[in-house]
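Worksheet: the structure to be examined is printed underneath.
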Amino acid sequence: MNQILERIKKHYPQPKLELNFSTPFELLVALVLSARCTDKLTNKITPKLFEIFPTPEALKEADYDELNELISSCSMHNTKAKNLIAIAKALCEYHNCKVPESLEELTKLPGIGRKTANIILSFGFGIPAVGVDTHVLRMANRLGISDSKKADVVEEEIKQKIPKEDWIVFYSGLILHGRHICKAKKPNCDECFLNDICPKIGVK
């Protein structure tokens, strides 16, 4: 496990996402849009979106049809438009128009699950957390970190096996590595810096 962690930290030393954002609120909005939508497409939508609706105060007053049209190139845009307006209203009603800094409060927001909340905590506020998306789940299984298919179980196992100060760099490294190298189909094992120590569980 130590070798895996050290190699992840060496190759992905700066925790980062491939979404563009400058505030916790922009990160929250971008994450909502990115569900079943590529980060690349999300990044094409958000500049105009953030220009028109830069704050929860602005977004809570959004016209649904206008917002829906603005994000229409993204999958599930009808539901996402409704959720974004509802989230903005909830932020202003319960959190003084600010993004809360706790998992409990974040997951009370419409459409915000545990994974999204953990990513907001870690990249929005620098709070140690582990966001388990499909890439983290797949890599955790292939590397033998966990044999569970449940995100919450994998999250806890990573937390138990990785020092708290490395949670963010570790899981964000897994996301990037899973997206670009350790792909779901036809992983690029020959290009992988973990190739010699990876048990390749489930890889055909």
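Letters A, B, ... go to the chains of the structure tokens in the order shown; residues in each chain start at 1; ligands are counted from 1 in the same order.
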Per residue of segment 134-193 of chain A within 12 Å of segment 119-130 of chain A, note the shortest atom pair and the distance in Å to one decimal, counting only C-alpha atoms, and order the rows by chain and increasing residue number, as CSV.
```
residue,atom,partner,partner_atom,distance
A:Val136,CA,A:Val130,CA,9.5
A:Leu137,CA,A:Val130,CA,11.3
A:Ala151,CA,A:Val130,CA,10.1
A:Asp152,CA,A:Val130,CA,9.7
A:Val153,CA,A:Val130,CA,11.3
A:Val154,CA,A:Val130,CA,9.4
A:Glu155,CA,A:Val130,CA,6.0
A:Glu156,CA,A:Val130,CA,8.5
A:Glu157,CA,A:Val130,CA,10.2
A:Ile158,CA,A:Val130,CA,7.7
A:Lys159,CA,A:Val130,CA,7.3
A:Gln160,CA,A:Val130,CA,11.1
A:Lys161,CA,A:Val130,CA,12.0
A:Ile162,CA,A:Val130,CA,10.3
A:Pro163,CA,A:Pro128,CA,10.0
A:Lys164,CA,A:Pro128,CA,6.5
A:Glu165,CA,A:Pro128,CA,6.8
A:Asp166,CA,A:Pro128,CA,8.0
A:Trp167,CA,A:Val130,CA,5.9
A:Ile168,CA,A:Pro128,CA,6.2
A:Val169,CA,A:Val130,CA,9.4
A:Phe170,CA,A:Val130,CA,8.5
A:Tyr171,CA,A:Val130,CA,6.2
A:Ser172,CA,A:Val130,CA,8.5
A:Gly173,CA,A:Val130,CA,11.3
A:Leu174,CA,A:Val130,CA,10.8
A:Ile175,CA,A:Val130,CA,11.0
```
Write out as a compact mmCIF listing (two decimals) with N, CA and C atoms, in the first residue's frame which residues come within 9 Å of Cys198 of chain A when counting only C-alpha atoms, dropping same-chain ones fewer than 2 positions away.
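Dumped everything to part18.txt:
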```txt
# COMPACT_ATOMS: atom_id res chain seq x y z
N ILE A 4 2.06 2.03 -3.49
CA ILE A 4 1.00 2.61 -4.32
C ILE A 4 0.84 4.09 -3.99
N ARG A 142 -9.10 -3.07 -8.60
CA ARG A 142 -8.01 -3.64 -9.39
C ARG A 142 -6.71 -3.72 -8.61
N LEU A 143 -6.49 -2.74 -7.74
CA LEU A 143 -5.26 -2.70 -6.95
C LEU A 143 -5.34 -3.55 -5.69
N GLY A 144 -6.53 -4.08 -5.40
CA GLY A 144 -6.69 -4.90 -4.21
C GLY A 144 -6.84 -4.10 -2.93
N LEU A 194 2.16 1.81 -12.08
CA LEU A 194 1.84 0.82 -11.05
C LEU A 194 1.86 -0.61 -11.60
N ASN A 195 2.22 -0.74 -12.87
CA ASN A 195 2.10 -2.02 -13.56
C ASN A 195 2.80 -3.17 -12.85
N ASP A 196 3.98 -2.91 -12.31
CA ASP A 196 4.77 -4.01 -11.72
C ASP A 196 4.27 -4.43 -10.34
N LYS A 200 -3.90 -6.44 -10.79
CA LYS A 200 -4.79 -6.42 -11.97
C LYS A 200 -6.05 -7.26 -11.74
N ILE A 201 -6.63 -7.13 -10.58
CA ILE A 201 -7.82 -7.90 -10.25
C ILE A 201 -8.98 -7.48 -11.15
```
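For Glu61 of chain A, the list of residues within 12 Å, based on only C-alpha atoms and with local chain neighbours fewer than 2 positions off taken out, reads Ile52, Phe53, Pro54, Thr55, Pro56, Glu57, Ala58, Leu59, Asp63, Tyr64, Asp65, Glu66, Leu67, Lys82, Leu84, Ile85, Ala86, Ile87, Ala88, Lys89 and Cys92 of chain A.
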Measuring atom to atom with only C-alpha atoms, identify which of A:Lys9, A:Lys149, A:Lys204, A:His135 is nearest to Cys189 of chain A.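 Using only C-alpha atoms, the shortest distance to Cys189 of chain A belongs to A:Lys204.
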Secondary structure check, helix (DSSP H, G or I) residues of segment 42-193 of chain A, as a PyMOL selection string: chain A and resi 42-52+56-59+64-70+77-94+103-106+114-125+134-142+151-161+164-180+189-191
Just give me the gap between atom CA of Glu93 of chain A and atom CA of Lys44 of chain A in Å, one decimal is fine.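 If I compute the distance from atom CA of Glu93 of chain A to atom CA of Lys44 of chain A, I get 29.7 Å.
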